[in-house]
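Student: Quick one: structure below, then a few questions.
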Amino acid sequence: MSTLLLDGNWLLTSPQHPNINISCALPGDVHSALISAELLENPYLGCNERDVQWVGESEWHLERDFNIEADLLSAQSIDLKLEFVDTLAEFTINGHHVVSCSNMFRRYSVNVLPYLKPGQNNIRIELKRADVEAAARAKRLPFPVPWAVGNNQIPHMNTLRKTQCHAGWDWGICLLVSGIYQSIVLEPIHQTRLNRVHTVQHWKEDGSCDLDVNVDYDVTACSEAPSTIEIEFDNQIHHLSVNMSQLGAQSANFTIHVANPQRWWPAGYGDAHLYPLNVTLNQHQITKKIGLRKLELDTSSDEIGSAMTFVVNDQAIMAKGANWIPLDALPSSHTPESYRRLLEDAKAANMNMIRVWGGGMYEHDIFYELCDELGLMVWQDLMFACALYPSTKEFMKDVELEVIDQVRRLSDHPSLALWCGDNEVIGAIGWYPESKTNREKYVVNYDRLNFMLARVVEQEDPTRRFWASSPCNGELDFGDAWHDDNCGDMHFWDVWHSGKSLDAYYSVKPRFCSEFGYQSWPSLPTVKTYAEESDWNVTSPTFEQHQKNGRGNSIITEMFTRYFRFPNNFDNMLYLSQVQQALAIKTASEYWRAYKNHCRGILYWQLNDCWPVSSWSSIEYTGRWKQLHYHAKRFFAPQLATFIEENDVVTLHLVNDQHRSVALSGVVKKIGWDGTVIESWPIETTLTADGVAQPWTLALDKSSPQTDYFLHVELNDQEQVLENTFYPALYKHADIQKSKIEWNIITEEGQHYIELDCDKPAHFVHVEFDGEGRFDDSSFTLLPKSISGSKRKVKYIGDASSDALQSGITIYDLRSTY
C-alpha cells in the first residue's frame with residue numbers, strides 16, 4: 001500500500017516573530033528546531049530556563065509541500081492519520097481546513113481526499129498557545145477547579161489534555177513545548193480500511209490456550225466477491241473469508257488453539273516469550289507481538305486487611321521497579337535508542353515493573369514493545385496527576401475518546417498489567433483551599449470523571465483491573481493511603497516530605513508501595529554538563545535553578561547531619577548525597593521484602609530524569625547510574641540477604657522471590673574498623689520457593705555504644721554471591737579508619753575490569769568514570785584481600801579504552817569525605 005509519510009523538514013514560522021523562518025524536523029518539537037537553528041539557548045544549561053519562556057508564549061506555524069501521484073486519487077479515501085499532536089493544532093491542506101486537534105492523547109483520522117490534487121500539494125499546521133487556551137477554559141468552568149500549584153509554573157494546565165509536567169514539576173523544567181511527535185501519515189484506502197486487531201486469551205485446564213483474534217474493519221466499496229483476511233501466527237497462516245456486500249464498520253474473529261503455549265513471564269520469573277501476529281486485509285497489514293500469559297490482581301481479604309498481589313501464570317509475583325516520567329523535556333529527544341537504554345538499565349537492576357506516572361504521557365509504542373521484550377510489567381496511570389480536573393460534558397467527552405484510543409492501542413501488550421485512574425488526585429481534594437472547604441462538591445466532581453474512566457476501561461479491556469487512583473485503599477475506599485498500610489497501594493513520603501529519619505520506613509508494611517523516594521544531587525560528570533565550575537556549589541544560582549523541590553537542598557544537607565560527618569568539598573557532597581539516597585531506598589525496600597507476606601510490590605520514585613537536575617531518580621539524565629541504581633540491582637535481586645534491627649536484635653533475613661528452592665551457604669562476619677575479624681558464623685540453609693528465612697540473630701548490647709565493628713554477610717548458591725553490610729552505630733559516630741584503596745585496570749579477553757584492594761575496610765566504594773559507560777557493580781563494601789580471599793573485580797560496560805579509563809576514573813569512599 002502506497003502510504004505517504006510526511007516526515008522530514010518543514011518550514012517553521014511565527015506570527016509573533018516575523019524574522020524566524022527556519023527548518024523544523026517532524027516528528028519533533030519547536031524548541032528543538034530553534035536550538036538547532038541557534039535561535040534558542042540550550043534551556044538545560046545554567047539559568048537559561050527563565051530566558052526561553054518566550055517560545056511557549058508564541059504561536060507557531062509549520063508548512064511543507066508534498067507530491068501526490070494521480071493514481072492515488074482513485075482511492076475511496078485518503079486518510080490523514082495523526083498521533084501525539086501537542087496540543088492545539090489546526091491542519092489545512094491546499095487552504096482547506098481539514099481537522100482541529102486539541103488533545104495530545106487522542107488519535108485523529110480524517111479523509112482528506114476532497115482537498116488533494118495530483119502533483120504538488122501544501123499542508124499547514126497552526127499551533128496555538130497552550131497557556132492562553134488553558135486560562136480561557138478555566139474562565140468558562142462553572143466553578144474553580146484547582147490546578148497543580150507548586151508543581152506547574154503555568155496555571156490551569158489541568159484544563160488541557162496535554163502532558164502536565166510540560167509546565168514544570170518538582171523535578172521538571174518548565175518548557176511548554178509544542179509539535180508533532182509521531183509520523184504524519186497519508187494512507188490511501190481501497191475497498192477496505194483495517195482499523196484494529198485485538199486479541200483475547202482463554203486458558204484451559206490442560207494448560208492450552210485459545211487465542212481469539214478480533215479484526216475491526218470498514219468496507220468502503222461494496223463487492224459481491226468476498227475478501228480474505230490472512231492471519232499469520234506462530235509460523236502458521238490462517239484464512240478467514242469476509243463478506244464485502246455491506247458498507248461501513250464490520251468485524252470478524254478467528255480462534256487459534258495453542259496446545260503447548262510458551263508463556264510470557266515477568267523478568268526474573270522466566271522468559272518473556274513473544275509470538276508474532278500478522279493480520280492482512282487487501283494489502284493493509286497490522287503487525288503485533290503477542291505474549292501468552294494469565295494475569296490477575298489478587299485483592300482478596302486476609303488476616304492483615306486485603307492483598308495487592310499481581311499473579312502471573314498462577315504464580316504470585318513480587319513486583320519490583322520504579323516510576324517512569326517522560327524520557328526528555330524536549331520530545332525530539334525521545335529516540336528508540338534512549339528508550340532501549342533506559343529500560344534495559346531497569347531490567348539490569350532486577351526490575352520487573354515500571355509505573356507510567358499520570359503527569360506525563362501515554363508512551364510511544366516503542367516503550368511498550370520494549371517492556372514486552374524485556375519482561376517489564378507496566379502499571380499504566382491514565383494522564384491525571386496532583387490536581388483536580390473538570391467534569392464538564394465537553395471535558396468528559398474528550399477524555400472518553402482519549403481513553404478509548406489509548407486502551408485500544410495498548411491492550412494487546414502482555415506487559416500491561418494495570419490501568420490506574422490517576423496519580424494522587426483523590427488526595428489532592430484535601431490539598432487546595434477551594435476543595436478543602438467544600439469537599440462534598442469536589443468529591444462528586446472527582447467521582448464523575450473517575451467513574452467514566454472506569455466504565456470505559458472495563459468496556460474496552462475487561463481482561464485487566466481498573467484501579468481508581470494511586471494511592472488507593474481499594475474499591476470505593478478513599479481513605480488515607482499515604483499512611484494506611486493494610487490494603488491497596490501506598491505512597492509513603494514521611495522520610496522525604498515529612499523529614500523523618502530512615503527508620504520511619506520500619507513503621508509501615510505496605511501491601512504495595514507504588515511511590516516513595518529520596519533525592520540526591522547528580523554526579524560531578526553530569527553537573528559539568530550544565531554548570532560552569534564557578535557554580536559548583538549547592539546554593540549557586542545554577543544549582544538552585546536545577547533543584548525544583550523548594551526544600552530539596554535543605555533536606556539533603558540536614559539529613560547529612562543526622563547520619564554522617566559533614567563532607568569536606570563539593571565533589572564529596574555530591575557523592576554523599578547519593579550514598580544517603582541509596583540508603584533510604586535500600587532501607588525501605590529490604591525491610592518490605594523481608595515481610596513479603598505483607599508486601600508484594602515496591603516501586604520507588606523515580607527511575608529517570610527528563611533533564612539534568614537534582615532529583616529522586618536512580619539514573620541521571622546523562623544515563624549514569626546513581627549509587628541507588630547499583631544498590632537496586634542488589635536489593636531487587638531474586639534472592640536477598642539483609643540485616644534488620646528490631647527491638648535491639650539484629651536478624652539476618654533471607655528472601656527468595658523465585659518459585660524454586662535455593663540452597664545458600666556462606667558466613668556472617670563481625671569485623672572491626674581496622675579489618676580484624678572479631679567473630680564469624682557459618683550459614684547454610686535452603687530457601688523454599690517464594691519463601692523467607694531468618695537463620696541468624698544477634699542481640700545488641702545497648703548498654704555500650706556499638707561503634708567498634710560492623711557486620712558483613714556473604715552467601716552464594718554457586719550461581720551468584722549475595723552480600724550485605726550492617727552498621728550498628730550511626731556512621732558519624734563510628735571510628736571508620738582511613739583506607740588505602742589500590743586499583744588498576746586489567747583486561748581479560750577484550751573486557752576491561754577495575755581491580756581493587758585496600759588495607760582496611762572501605763565503605764560505599766563507588767567507581768565513577770567521567771566518560772560513557774557504567775559498571776556491573778559499585779557503591780559496595782570493599783574488604784581487604786586478607787578477609788575476602790581475593791581482590792575485587794568490577795566489570796566496565798562500555799566502549800572506552802583502558803587508557804581512557806585509567807585517566808577518567810575516580811574512586812570514592814565514605815571515610816574520604818571528611
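For the C-alpha cells, the naming scheme is as follows: chains receive sequential letters (A, B, ...) according to their order of presentation, residues are indexed from 1 within each chain, and ligands are indexed from 1 in presentation order.
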Looking only at the backbone, which of the residues in region 402-498 of chain A does DSSP tag as strand (DSSP E or B), as a PyMOL selection string?
Tutor: chain A and resi 416-420+423+466-467+470+472+474+477+489-491
Student: Would you list the contacts of Asp776 (chain A) as a ChimeraX atom specification, taking every protein, DNA or RNA residue within 9 Å and counting only C-alpha atoms, but skipping same-chain residues closer than 4 positions in sequence?
Tutor: /A:630,794-797
Student: Using all heavy atoms, can you write the selected residues to a file as a short mmCIF file (atom, residue, chain, number, x, y, z; two decimals), in the first residue's frame?
Tutor:
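Final output, saved to result-v4.cif:
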```cif
data_model
loop_
_atom_site.label_atom_id
_atom_site.label_comp_id
_atom_site.auth_asym_id
_atom_site.auth_seq_id
_atom_site.Cartn_x
_atom_site.Cartn_y
_atom_site.Cartn_z
N TYR A 630 22.81 1.02 41.49
CA TYR A 630 23.67 -0.12 41.80
C TYR A 630 23.13 -0.88 43.01
O TYR A 630 23.14 -2.12 43.04
CB TYR A 630 25.11 0.33 42.06
CG TYR A 630 25.84 0.78 40.81
CD1 TYR A 630 26.07 2.12 40.55
CD2 TYR A 630 26.29 -0.16 39.88
CE1 TYR A 630 26.74 2.53 39.41
CE2 TYR A 630 26.96 0.24 38.73
CZ TYR A 630 27.19 1.58 38.50
OH TYR A 630 27.86 1.97 37.36
N VAL A 794 35.59 -5.35 39.21
CA VAL A 794 34.38 -4.69 38.74
C VAL A 794 34.47 -4.57 37.23
O VAL A 794 35.44 -4.01 36.69
CB VAL A 794 34.24 -3.29 39.39
CG1 VAL A 794 33.05 -2.56 38.81
CG2 VAL A 794 34.12 -3.40 40.90
N LYS A 795 33.47 -5.09 36.55
CA LYS A 795 33.47 -5.05 35.08
C LYS A 795 33.01 -3.69 34.58
O LYS A 795 32.02 -3.14 35.05
CB LYS A 795 32.55 -6.13 34.53
CG LYS A 795 32.53 -6.20 32.99
CD LYS A 795 31.39 -7.05 32.48
CE LYS A 795 31.59 -8.51 32.80
NZ LYS A 795 30.54 -9.35 32.17
N TYR A 796 33.76 -3.16 33.61
CA TYR A 796 33.32 -1.94 32.91
C TYR A 796 32.47 -2.34 31.72
O TYR A 796 32.84 -3.23 30.94
CB TYR A 796 34.54 -1.12 32.46
CG TYR A 796 34.21 -0.07 31.43
CD1 TYR A 796 33.49 1.07 31.77
CD2 TYR A 796 34.61 -0.22 30.09
CE1 TYR A 796 33.16 2.03 30.83
CE2 TYR A 796 34.29 0.74 29.15
CZ TYR A 796 33.57 1.86 29.51
OH TYR A 796 33.25 2.81 28.57
N ILE A 797 31.33 -1.68 31.56
CA ILE A 797 30.42 -1.95 30.44
C ILE A 797 30.37 -0.70 29.58
O ILE A 797 29.75 0.30 29.95
CB ILE A 797 29.03 -2.34 30.96
CG1 ILE A 797 29.13 -3.59 31.84
CG2 ILE A 797 28.06 -2.57 29.80
CD1 ILE A 797 27.86 -3.92 32.61
#
```
Student: Restricting the calculation to only C-alpha atoms, which member of A:Ala75, A:Leu576, A:Ala249, A:Ala346 is positioned closest to Gly623 (chain A)?
Tutor: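 Distance minimum relative to Gly623 (chain A) lands on A:Ala346.
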Student: Please list as a JSON list (two decimals) with N, CA and C atoms, in the first residue's frame every residue within 12 Å of Ser32 (chain A), counting only C-alpha atoms and excluding residues in the same chain fewer than 6 positions away.
Tutor:
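This is the output file result_0.json:
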```json
[["chain", "number", "residue", "atom", "x", "y", "z"],
["A", 12, "LEU", "N", 9.23, 26.42, 9.57],
["A", 12, "LEU", "CA", 8.71, 26.89, 10.86],
["A", 12, "LEU", "C", 8.73, 28.41, 10.89],
["A", 22, "ILE", "N", 12.70, 29.07, 9.59],
["A", 22, "ILE", "CA", 13.73, 28.04, 9.69],
["A", 22, "ILE", "C", 13.13, 26.67, 9.41],
["A", 23, "SER", "N", 14.02, 25.68, 9.33],
["A", 23, "SER", "CA", 13.62, 24.30, 9.14],
["A", 23, "SER", "C", 13.30, 23.66, 10.50],
["A", 24, "CYS", "N", 12.25, 22.84, 10.50],
["A", 24, "CYS", "CA", 11.88, 22.10, 11.71],
["A", 24, "CYS", "C", 11.62, 20.65, 11.32],
["A", 25, "ALA", "N", 12.31, 19.74, 11.96],
["A", 25, "ALA", "CA", 12.15, 18.31, 11.66],
["A", 25, "ALA", "C", 10.91, 17.78, 12.37],
["A", 26, "LEU", "N", 10.05, 17.12, 11.62],
["A", 26, "LEU", "CA", 8.91, 16.39, 12.18],
["A", 26, "LEU", "C", 9.06, 14.92, 11.83],
["A", 38, "GLU", "N", 20.17, 27.63, 16.25],
["A", 38, "GLU", "CA", 20.94, 28.56, 17.09],
["A", 38, "GLU", "C", 20.18, 29.86, 17.36],
["A", 39, "LEU", "N", 18.84, 29.72, 17.44],
["A", 39, "LEU", "CA", 18.00, 30.86, 17.79],
["A", 39, "LEU", "C", 17.51, 30.76, 19.24],
["A", 40, "LEU", "N", 17.89, 29.68, 19.90],
["A", 40, "LEU", "CA", 17.48, 29.46, 21.29],
["A", 40, "LEU", "C", 18.63, 28.81, 22.03],
["A", 41, "GLU", "N", 18.96, 29.40, 23.17],
["A", 41, "GLU", "CA", 19.99, 28.79, 24.01],
["A", 41, "GLU", "C", 19.50, 27.45, 24.54],
["A", 42, "ASN", "N", 20.43, 26.54, 24.76],
["A", 42, "ASN", "CA", 20.05, 25.26, 25.34],
["A", 42, "ASN", "C", 19.41, 25.50, 26.71],
["A", 43, "PRO", "N", 18.12, 25.16, 26.87],
["A", 43, "PRO", "CA", 17.44, 25.51, 28.12],
["A", 43, "PRO", "C", 17.97, 24.76, 29.33],
["A", 44, "TYR", "N", 18.74, 23.69, 29.10],
["A", 44, "TYR", "CA", 19.25, 22.89, 30.20],
["A", 44, "TYR", "C", 20.50, 23.49, 30.83],
["A", 52, "VAL", "N", 13.96, 31.25, 28.09],
["A", 52, "VAL", "CA", 13.41, 30.60, 26.89],
["A", 52, "VAL", "C", 11.89, 30.52, 26.93],
["A", 55, "VAL", "N", 9.18, 31.06, 23.92],
["A", 55, "VAL", "CA", 8.79, 30.08, 22.89],
["A", 55, "VAL", "C", 7.38, 29.57, 23.18],
["A", 175, "LEU", "N", 9.07, 23.82, 30.24],
["A", 175, "LEU", "CA", 9.19, 24.04, 28.80],
["A", 175, "LEU", "C", 7.83, 23.71, 28.20],
["A", 177, "VAL", "N", 6.37, 22.93, 25.55],
["A", 177, "VAL", "CA", 6.71, 22.50, 24.19],
["A", 177, "VAL", "C", 5.45, 22.32, 23.36],
["A", 178, "SER", "N", 5.65, 22.36, 22.05],
["A", 178, "SER", "CA", 4.59, 22.04, 21.11],
["A", 178, "SER", "C", 5.23, 21.40, 19.89],
["A", 179, "GLY", "N", 4.42, 20.64, 19.16],
["A", 179, "GLY", "CA", 4.93, 19.96, 17.97],
["A", 179, "GLY", "C", 4.11, 18.73, 17.66],
["A", 180, "ILE", "N", 4.62, 17.91, 16.77],
["A", 180, "ILE", "CA", 4.00, 16.64, 16.40],
["A", 180, "ILE", "C", 5.08, 15.58, 16.63],
["A", 181, "TYR", "N", 4.78, 14.58, 17.47],
["A", 181, "TYR", "CA", 5.82, 13.66, 17.92],
["A", 181, "TYR", "C", 5.69, 12.26, 17.34],
["A", 328, "ASP", "N", 12.38, 12.84, 28.14],
["A", 328, "ASP", "CA", 13.14, 14.07, 27.94],
["A", 328, "ASP", "C", 12.14, 15.22, 27.87],
["A", 329, "ALA", "N", 12.50, 16.37, 28.43],
["A", 329, "ALA", "CA", 11.62, 17.54, 28.34],
["A", 329, "ALA", "C", 11.51, 18.05, 26.91],
["A", 330, "LEU", "N", 12.46, 17.69, 26.05],
["A", 330, "LEU", "CA", 12.42, 18.01, 24.63],
["A", 330, "LEU", "C", 11.98, 16.76, 23.88],
["A", 331, "PRO", "N", 10.74, 16.69, 23.40],
["A", 331, "PRO", "CA", 10.23, 15.46, 22.80],
["A", 331, "PRO", "C", 11.02, 14.97, 21.59],
["A", 332, "SER", "N", 11.74, 15.85, 20.90],
["A", 332, "SER", "CA", 12.56, 15.39, 19.78],
["A", 332, "SER", "C", 13.63, 14.41, 20.22],
["A", 333, "SER", "N", 13.94, 14.41, 21.51],
["A", 333, "SER", "CA", 14.98, 13.51, 22.03],
["A", 333, "SER", "C", 14.42, 12.17, 22.48],
["A", 334, "HIS", "N", 13.13, 11.93, 22.26],
["A", 334, "HIS", "CA", 12.54, 10.63, 22.63],
["A", 334, "HIS", "C", 12.86, 9.62, 21.52]]
```
Student: Measuring between only C-alpha atoms, which one of A:Arg455, A:Arg439, A:Arg50, A:His239 shows the shortest distance to Ile404 (chain A)?
Tutor: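 Of A:Arg455, A:Arg439, A:Arg50, A:His239, the one nearest Ile404 (chain A) is A:Arg455, counting only C-alpha atoms.
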Student: Taking only C-alpha atoms into account, which of A:Ser779, A:Thr192, A:Ser739, A:Asn235 comes nearest Thr220 (chain A)?
Tutor: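 Of A:Ser779, A:Thr192, A:Ser739, A:Asn235, the one nearest Thr220 (chain A), counting only C-alpha atoms, is A:Thr192.
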Student: Could you list, as a PyMOL selection string, every residue within 10 Å of region 411-416 of chain A, counting only C-alpha atoms and ignoring same-chain residues fewer than 5 positions away?
Tutor: chain A and resi 197-200+264-266+272-274+288-295+352-355+365+368-380+406+457+460-464
Student: Go ahead and save the picked residues with C-alpha atoms, as a PDB file, in the first residue's frame.
Tutor:
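And here is the file that came out, result_10.pdb:
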```
ATOM      1  CA  VAL A 197      -6.698  -6.073  15.592  1.00  0.00           C
ATOM      2  CA  HIS A 198      -7.188  -7.103  19.192  1.00  0.00           C
ATOM      3  CA  THR A 199      -6.840 -10.442  20.917  1.00  0.00           C
ATOM      4  CA  VAL A 200      -8.349 -12.213  23.921  1.00  0.00           C
ATOM      5  CA  TRP A 264       5.306 -14.771  28.739  1.00  0.00           C
ATOM      6  CA  TRP A 265       6.873 -14.191  32.150  1.00  0.00           C
ATOM      7  CA  PRO A 266       7.963 -11.069  34.006  1.00  0.00           C
ATOM      8  CA  ALA A 272       9.262 -13.109  28.067  1.00  0.00           C
ATOM      9  CA  HIS A 273       8.280 -15.178  25.041  1.00  0.00           C
ATOM     10  CA  LEU A 274       6.502 -13.335  22.225  1.00  0.00           C
ATOM     11  CA  LYS A 288       1.939  -7.222  16.658  1.00  0.00           C
ATOM     12  CA  LYS A 289       3.798  -9.431  19.097  1.00  0.00           C
ATOM     13  CA  ILE A 290       1.575 -11.375  21.463  1.00  0.00           C
ATOM     14  CA  GLY A 291       2.600 -12.718  24.843  1.00  0.00           C
ATOM     15  CA  LEU A 292       0.520 -15.622  26.078  1.00  0.00           C
ATOM     16  CA  ARG A 293       0.083 -15.333  29.828  1.00  0.00           C
ATOM     17  CA  LYS A 294      -2.516 -15.388  32.552  1.00  0.00           C
ATOM     18  CA  LEU A 295      -2.779 -12.232  34.648  1.00  0.00           C
ATOM     19  CA  ASN A 352      10.176  -6.297  36.624  1.00  0.00           C
ATOM     20  CA  MET A 353       7.651  -3.438  36.750  1.00  0.00           C
ATOM     21  CA  ILE A 354       7.552   0.178  35.579  1.00  0.00           C
ATOM     22  CA  ARG A 355       4.822   2.597  36.588  1.00  0.00           C
ATOM     23  CA  ASP A 365       4.710   2.249  21.018  1.00  0.00           C
ATOM     24  CA  TYR A 368       5.572  -0.920  25.420  1.00  0.00           C
ATOM     25  CA  GLU A 369       7.241  -3.084  22.785  1.00  0.00           C
ATOM     26  CA  LEU A 370      10.483  -2.967  24.770  1.00  0.00           C
ATOM     27  CA  CYS A 371       8.649  -3.738  28.020  1.00  0.00           C
ATOM     28  CA  ASP A 372       7.089  -6.764  26.295  1.00  0.00           C
ATOM     29  CA  GLU A 373      10.526  -7.895  25.116  1.00  0.00           C
ATOM     30  CA  LEU A 374      12.273  -7.318  28.453  1.00  0.00           C
ATOM     31  CA  GLY A 375       9.599  -8.742  30.734  1.00  0.00           C
ATOM     32  CA  LEU A 376       8.832  -5.422  32.416  1.00  0.00           C
ATOM     33  CA  MET A 377       5.228  -5.246  33.605  1.00  0.00           C
ATOM     34  CA  VAL A 378       3.600  -1.838  33.157  1.00  0.00           C
ATOM     35  CA  TRP A 379       1.421  -0.110  35.718  1.00  0.00           C
ATOM     36  CA  GLN A 380      -0.294   2.416  33.450  1.00  0.00           C
ATOM     37  CA  GLN A 406      -5.262   4.560  24.325  1.00  0.00           C
ATOM     38  CA  VAL A 457     -11.550   0.890  30.624  1.00  0.00           C
ATOM     39  CA  GLU A 460     -12.627  -1.682  26.259  1.00  0.00           C
ATOM     40  CA  ASP A 461     -10.361  -4.047  28.206  1.00  0.00           C
ATOM     41  CA  PRO A 462     -12.226  -6.391  30.572  1.00  0.00           C
ATOM     42  CA  THR A 463      -9.093  -8.576  30.882  1.00  0.00           C
ATOM     43  CA  ARG A 464      -7.382  -6.161  33.298  1.00  0.00           C
TER      44      ARG A 464
END
```
Student: What's the 7 Å shell around region 646-660 of chain A, counting only C-alpha atoms, without same-chain residues fewer than 4 positions away, as a PyMOL selection string?
Tutor: chain A and resi 269+318+594+638-642+687-700
Student: Would you please extract all helix (DSSP H, G or I) residues from region 425-489 of chain A, as assigned by DSSP on the backbone, and give them as a PyMOL selection string?
Tutor: chain A and resi 425-428+433-437+439-460
Student: Using only C-alpha atoms, which of the listed residues (A:Glu515, A:Asp571, A:Glu49, A:Asp477) sits closest to Glu533 (chain A)?
Tutor: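 Among A:Glu515, A:Asp571, A:Glu49, A:Asp477, it is A:Asp571 that comes nearest to Glu533 (chain A).
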Student: Mind checking which residues fall within 12 Å of Lys528 (chain A), counting only C-alpha atoms, ignoring those fewer than 4 positions away in the same chain, and posting them as a ChimeraX atom specification?
Tutor: /A:44-46,522-524,532-537,542-543,571,612-613,622,770-771
Student: Could you give me, as a tab-separated table, a per-residue list for region 652-724 of chain A showing, wherever an atom lies at most 8 Å from an atom of region 732-737 of chain A, the closest pair of atoms and their distance in Å to one decimal, using only C-alpha atoms and sorting by chain then residue number from low to high?
Tutor:
```
residue	atom	partner	partner_atom	distance
A:Trp673	CA	A:Ile736	CA	5.5
A:Asp674	CA	A:Gln737	CA	6.3
A:Thr707	CA	A:Ala734	CA	4.7
A:Asp708	CA	A:Ala734	CA	6.7
```
Student: Counting only C-alpha atoms, what is within 10 Å of region 115-126 of chain A, bar same-chain residues fewer than 5 positions away, as JSON, numbers by chain?
Tutor: {"A": [6, 10, 11, 12, 13, 14, 59, 60, 61, 62, 63, 64, 65, 66, 67, 68, 69, 70, 71, 72, 73, 78, 88, 89, 90, 91, 92, 93, 94, 95, 96, 97, 98, 99, 100, 179, 180]}
Student: So how far away is CA of Val495 (chain A) from CA of Phe564 (chain A), in Å?
Tutor: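 Those two atoms sit 16.7 Å apart.
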